[in-house]
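See below for the structure under consideration.
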Amino acid sequence: MRPHLHLFPDALRLGRGLARATGYAASPLRLHAFPDGESGLRVHHPAGADAVLVRTLHEPNDKLVEVLLAADALRRAGAPRVTLIAPYLPYMRQDCVFRSGEPNSQRVVGALLGAAFDRVLTIEAHLHRVRRLSEVVSGARAQSLSAAPAIAQWVAARRRGAIVVGPDAESAAWIRAVARRAAVPWIVGEKQRRGDRRVSLRLPALPPGVWHALLVDDIASSGATLAAAARALYRAGIRSVDAVVVHALIESGGAARLRRAGIRRLLSCDTIPHPSNAISIVALLAQTLRRRR
């Protein structure tokens, strides 16, 4: 029996795309709020079928509770295995205790998801001090998929005079993968963060023959990093700059910050619904989901 997709109301577009790509049946999950602010939900699940829960987890606090409730409901409905597809996975950035008195948020959320699900799939989890998502989501088969192939396909169609630029050394391997697939040159900058919205960035020398820069990063929230990189690129002689991100977590004022820095367009993968969505990750998720073992 094929798995059955269960779609939260805010994941209908993504979930229906996955249903078309996999041939799996899909149904919306009924979600409601009680007067005291607690969440309630109901699932209708075919007995004996594996369950796949689809929801991206930006603005995560209520959503995390709701996906945990949904996992319990699906098991009680008879699902032998329950998978979570969360294209954006939150709380991955705080992966150690930076100052006394802080939590390790990554480990807390990873343990909750590992206890609730048999499998967790996401796109470009923000991992630095650990190499694999399976080290964080203990107890489940967890995988962070690379968006590099999808982004490289988009870049390859616009490669004339282009260079792919990463904001810092941490992004080097990922930027190299995008650039090599797209057959364009690449560089990475040296970033210094001076606060949540204050960033400075230095770039190496640009190769000859490039005039258009494609800034590529995994997350955009304040827009400070991309803006600093764009200003550095214009100082180096680049004539136009676009930005491509996986997860568009653009805060209020972030889009204006990018425009002031001279970024013509912000484009993103559809891991989070946003007006900048231009690159689909449905095929990547569907291909991985069909590999059930």
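Labels used: A, B, ... for chains in the order of the structure tokens, numbers from 1 for residues in each chain, and numbers from 1 for ligands as shown.
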If you take only C-alpha atoms and a cut-off of 9 Å, which residues of segment 85-132 of chain A touch segment 257-275 of chain A, and what are their nearest atom pairs and distances in Å to one decimal, in chain and number order, as a Markdown table?
| residue | atom | partner | partner_atom | distance |
| --- | --- | --- | --- | --- |
| A:Ala86 | CA | A:Thr271 | CA | 8.2 |
| A:Pro87 | CA | A:Thr271 | CA | 5.0 |
| A:Tyr88 | CA | A:Thr271 | CA | 5.9 |
| A:Thr122 | CA | A:Thr271 | CA | 8.9 |
| A:Ile123 | CA | A:Thr271 | CA | 7.5 |
Selected residues, N, CA and C atoms, written as a PDB file, in the first residue's frame, please.
ATOM      1  N   ALA A  86       9.442  18.487   6.362  1.00  0.00           N
ATOM      2  CA  ALA A  86       9.472  19.880   6.807  1.00  0.00           C
ATOM      3  C   ALA A  86      10.563  20.593   6.013  1.00  0.00           C
ATOM      4  N   PRO A  87      10.222  21.170   4.864  1.00  0.00           N
ATOM      5  CA  PRO A  87      11.266  21.777   4.018  1.00  0.00           C
ATOM      6  C   PRO A  87      12.139  22.786   4.753  1.00  0.00           C
ATOM      7  N   TYR A  88      11.548  23.532   5.689  1.00  0.00           N
ATOM      8  CA  TYR A  88      12.355  24.367   6.579  1.00  0.00           C
ATOM      9  C   TYR A  88      12.233  23.817   7.993  1.00  0.00           C
ATOM     10  N   THR A 122      14.179  17.249   5.361  1.00  0.00           N
ATOM     11  CA  THR A 122      14.170  18.700   5.256  1.00  0.00           C
ATOM     12  C   THR A 122      15.133  19.108   4.147  1.00  0.00           C
ATOM     13  N   ILE A 123      15.172  20.416   3.883  1.00  0.00           N
ATOM     14  CA  ILE A 123      16.062  20.970   2.865  1.00  0.00           C
ATOM     15  C   ILE A 123      17.057  21.906   3.550  1.00  0.00           C
TER      16      ILE A 123
END
Residues of segment 182-229 of chain A that have any atom at most 10 Å from an atom of segment 165-174 of chain A: could you tabulate them with the shortest-distance atom pair and the distance in Å to one decimal, using only C-alpha atoms, ordered by chain and increasing number, as a tab-separated table?
residue	atom	partner	partner_atom	distance
A:Pro185	CA	A:Val165	CA	8.8
A:Trp186	CA	A:Val165	CA	5.7
A:Ile187	CA	A:Val165	CA	5.1
A:Val188	CA	A:Gly166	CA	4.4
A:Gly189	CA	A:Asp168	CA	4.8
A:Glu190	CA	A:Asp168	CA	5.0
A:Lys191	CA	A:Asp168	CA	5.4
A:Gln192	CA	A:Asp168	CA	8.9
A:Leu201	CA	A:Pro167	CA	7.6
A:Arg202	CA	A:Pro167	CA	9.0
A:Leu203	CA	A:Pro167	CA	8.7
A:Ala213	CA	A:Val165	CA	6.7
A:Leu214	CA	A:Val165	CA	6.0
A:Leu215	CA	A:Val165	CA	4.8
A:Val216	CA	A:Gly166	CA	5.6
A:Asp217	CA	A:Gly166	CA	6.4
A:Asp218	CA	A:Ser171	CA	8.4
A:Thr225	CA	A:Pro167	CA	7.0
A:Leu226	CA	A:Pro167	CA	7.4
A:Ala228	CA	A:Pro167	CA	8.9
A:Ala229	CA	A:Pro167	CA	6.6
Keeping N, CA and C atoms, export the residues of the selection given above as a PDB file, in the first residue's frame.
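Saved as again-v9.pdb:
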ATOM      1  N   PRO A 185      32.034  30.439 -12.680  1.00  0.00           N
ATOM      2  CA  PRO A 185      33.029  30.659 -11.632  1.00  0.00           C
ATOM      3  C   PRO A 185      32.363  30.993 -10.301  1.00  0.00           C
ATOM      4  N   TRP A 186      33.150  30.891  -9.221  1.00  0.00           N
ATOM      5  CA  TRP A 186      32.587  31.146  -7.902  1.00  0.00           C
ATOM      6  C   TRP A 186      33.655  31.702  -6.977  1.00  0.00           C
ATOM      7  N   ILE A 187      33.220  32.444  -5.976  1.00  0.00           N
ATOM      8  CA  ILE A 187      34.071  32.924  -4.899  1.00  0.00           C
ATOM      9  C   ILE A 187      33.254  32.922  -3.610  1.00  0.00           C
ATOM     10  N   VAL A 188      33.938  32.971  -2.482  1.00  0.00           N
ATOM     11  CA  VAL A 188      33.262  33.174  -1.195  1.00  0.00           C
ATOM     12  C   VAL A 188      33.922  34.335  -0.477  1.00  0.00           C
ATOM     13  N   GLY A 189      33.126  35.056   0.296  1.00  0.00           N
ATOM     14  CA  GLY A 189      33.621  36.202   1.030  1.00  0.00           C
ATOM     15  C   GLY A 189      34.092  35.828   2.419  1.00  0.00           C
ATOM     16  N   GLU A 190      34.579  36.834   3.111  1.00  0.00           N
ATOM     17  CA  GLU A 190      34.982  36.699   4.514  1.00  0.00           C
ATOM     18  C   GLU A 190      34.079  37.620   5.326  1.00  0.00           C
ATOM     19  N   LYS A 191      33.196  37.015   6.118  1.00  0.00           N
ATOM     20  CA  LYS A 191      32.160  37.774   6.807  1.00  0.00           C
ATOM     21  C   LYS A 191      32.520  37.982   8.268  1.00  0.00           C
ATOM     22  N   GLN A 192      32.212  39.175   8.760  1.00  0.00           N
ATOM     23  CA  GLN A 192      32.286  39.456  10.185  1.00  0.00           C
ATOM     24  C   GLN A 192      30.925  39.969  10.630  1.00  0.00           C
ATOM     25  N   LEU A 201      31.817  42.548   5.125  1.00  0.00           N
ATOM     26  CA  LEU A 201      32.224  41.433   4.271  1.00  0.00           C
ATOM     27  C   LEU A 201      33.311  41.878   3.316  1.00  0.00           C
ATOM     28  N   ARG A 202      34.345  41.040   3.196  1.00  0.00           N
ATOM     29  CA  ARG A 202      35.421  41.270   2.229  1.00  0.00           C
ATOM     30  C   ARG A 202      35.420  40.157   1.197  1.00  0.00           C
ATOM     31  N   LEU A 203      35.758  40.525  -0.047  1.00  0.00           N
ATOM     32  CA  LEU A 203      35.744  39.566  -1.149  1.00  0.00           C
ATOM     33  C   LEU A 203      37.152  39.381  -1.712  1.00  0.00           C
ATOM     34  N   ALA A 213      26.604  39.202 -10.668  1.00  0.00           N
ATOM     35  CA  ALA A 213      26.818  38.339  -9.508  1.00  0.00           C
ATOM     36  C   ALA A 213      25.502  37.730  -9.050  1.00  0.00           C
ATOM     37  N   LEU A 214      25.554  36.442  -8.736  1.00  0.00           N
ATOM     38  CA  LEU A 214      24.428  35.731  -8.138  1.00  0.00           C
ATOM     39  C   LEU A 214      24.835  35.357  -6.719  1.00  0.00           C
ATOM     40  N   LEU A 215      24.356  36.128  -5.760  1.00  0.00           N
ATOM     41  CA  LEU A 215      24.602  35.833  -4.354  1.00  0.00           C
ATOM     42  C   LEU A 215      23.750  34.639  -3.960  1.00  0.00           C
ATOM     43  N   VAL A 216      24.355  33.620  -3.382  1.00  0.00           N
ATOM     44  CA  VAL A 216      23.628  32.410  -3.019  1.00  0.00           C
ATOM     45  C   VAL A 216      23.858  32.131  -1.540  1.00  0.00           C
ATOM     46  N   ASP A 217      22.761  31.933  -0.792  1.00  0.00           N
ATOM     47  CA  ASP A 217      22.868  31.641   0.637  1.00  0.00           C
ATOM     48  C   ASP A 217      21.734  30.713   1.032  1.00  0.00           C
ATOM     49  N   ASP A 218      21.856  30.087   2.207  1.00  0.00           N
ATOM     50  CA  ASP A 218      20.799  29.166   2.623  1.00  0.00           C
ATOM     51  C   ASP A 218      19.614  29.895   3.234  1.00  0.00           C
ATOM     52  N   THR A 225      23.428  40.274   5.650  1.00  0.00           N
ATOM     53  CA  THR A 225      24.564  39.615   4.997  1.00  0.00           C
ATOM     54  C   THR A 225      24.526  39.828   3.493  1.00  0.00           C
ATOM     55  N   LEU A 226      23.356  39.610   2.890  1.00  0.00           N
ATOM     56  CA  LEU A 226      23.251  39.792   1.441  1.00  0.00           C
ATOM     57  C   LEU A 226      23.509  41.244   1.040  1.00  0.00           C
ATOM     58  N   ALA A 228      25.406  43.454   2.632  1.00  0.00           N
ATOM     59  CA  ALA A 228      26.839  43.737   2.749  1.00  0.00           C
ATOM     60  C   ALA A 228      27.604  43.142   1.568  1.00  0.00           C
ATOM     61  N   ALA A 229      27.242  41.936   1.153  1.00  0.00           N
ATOM     62  CA  ALA A 229      27.900  41.303   0.016  1.00  0.00           C
ATOM     63  C   ALA A 229      27.642  42.077  -1.265  1.00  0.00           C
TER      64      ALA A 229
END
Considering only C-alpha atoms, tabulate each residue of segment 106-129 of chain A that lies at most 6 Å from segment 61-84 of chain A along with its nearest interatomic pair and the corresponding distance in Å to one decimal; arrange the rows by chain and ascending residue number and present them as JSON lines.
{"residue": "A:Phe117", "atom": "CA", "partner": "A:Val82", "partner_atom": "CA", "distance": 5.5}
{"residue": "A:Asp118", "atom": "CA", "partner": "A:Val82", "partner_atom": "CA", "distance": 5.5}
{"residue": "A:Arg119", "atom": "CA", "partner": "A:Thr83", "partner_atom": "CA", "distance": 4.6}
{"residue": "A:Val120", "atom": "CA", "partner": "A:Leu84", "partner_atom": "CA", "distance": 4.8}
Requested in this report: Can you work out which one of A:Leu18, A:Arg99, A:Ser222, A:Arg129 has the shortest atom-to-atom distance to Thr288 of chain A, counting only C-alpha atoms?
Outcome: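 Ranked by minimum distance to Thr288 of chain A, first place goes to A:Leu18.
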Report task. Give the answer as one residue: which of A:Ser144, A:Ala255, A:His126, A:Ala205 has the shortest atom-to-atom distance to Arg235 of chain A, using only C-alpha atoms? Result -> A:Ala205
**Report entry** Residue with smallest distance to Ala152 of chain A - pool A:Val244, A:Ala140, A:Ala232, A:Leu112, counting only C-alpha atoms
**Finding:** A:Val244
Could you please write out, as a PDB file with C-alpha atoms, in the first residue's frame, every residue of segment 11-134 of chain A that DSSP assigns to strand (DSSP E)?
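So states-v4.pdb came out as:
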ATOM      1  CA  ALA A  25      -3.037  10.101  -2.303  1.00  0.00           C
ATOM      2  CA  ALA A  26      -3.268  13.279  -0.237  1.00  0.00           C
ATOM      3  CA  SER A  27      -5.831  14.783   2.094  1.00  0.00           C
ATOM      4  CA  PRO A  28      -5.957  17.994   4.117  1.00  0.00           C
ATOM      5  CA  ARG A  30      -8.404  19.397   9.921  1.00  0.00           C
ATOM      6  CA  LEU A  31      -6.926  21.940  12.311  1.00  0.00           C
ATOM      7  CA  HIS A  32      -8.711  24.177  14.784  1.00  0.00           C
ATOM      8  CA  ALA A  33      -7.948  26.396  17.778  1.00  0.00           C
ATOM      9  CA  SER A  39      -4.609  23.481  19.011  1.00  0.00           C
ATOM     10  CA  GLY A  40      -6.807  20.559  18.036  1.00  0.00           C
ATOM     11  CA  LEU A  41      -6.729  18.469  14.900  1.00  0.00           C
ATOM     12  CA  ARG A  42      -8.193  15.411  13.203  1.00  0.00           C
ATOM     13  CA  ALA A  51       1.720   8.325   6.748  1.00  0.00           C
ATOM     14  CA  VAL A  52       3.602  11.356   5.453  1.00  0.00           C
ATOM     15  CA  LEU A  53       2.958  14.643   7.215  1.00  0.00           C
ATOM     16  CA  VAL A  54       3.757  17.775   5.187  1.00  0.00           C
ATOM     17  CA  VAL A  82       5.093   8.282  10.112  1.00  0.00           C
ATOM     18  CA  THR A  83       7.347  10.598   8.089  1.00  0.00           C
ATOM     19  CA  LEU A  84       7.644  14.352   8.508  1.00  0.00           C
ATOM     20  CA  ILE A  85       8.488  16.472   5.480  1.00  0.00           C
ATOM     21  CA  ARG A 119      11.698   9.622   9.264  1.00  0.00           C
ATOM     22  CA  VAL A 120      12.341  13.358   8.900  1.00  0.00           C
ATOM     23  CA  LEU A 121      13.178  15.061   5.595  1.00  0.00           C
ATOM     24  CA  THR A 122      14.170  18.700   5.256  1.00  0.00           C
ATOM     25  CA  ILE A 123      16.062  20.970   2.865  1.00  0.00           C
TER      26      ILE A 123
END
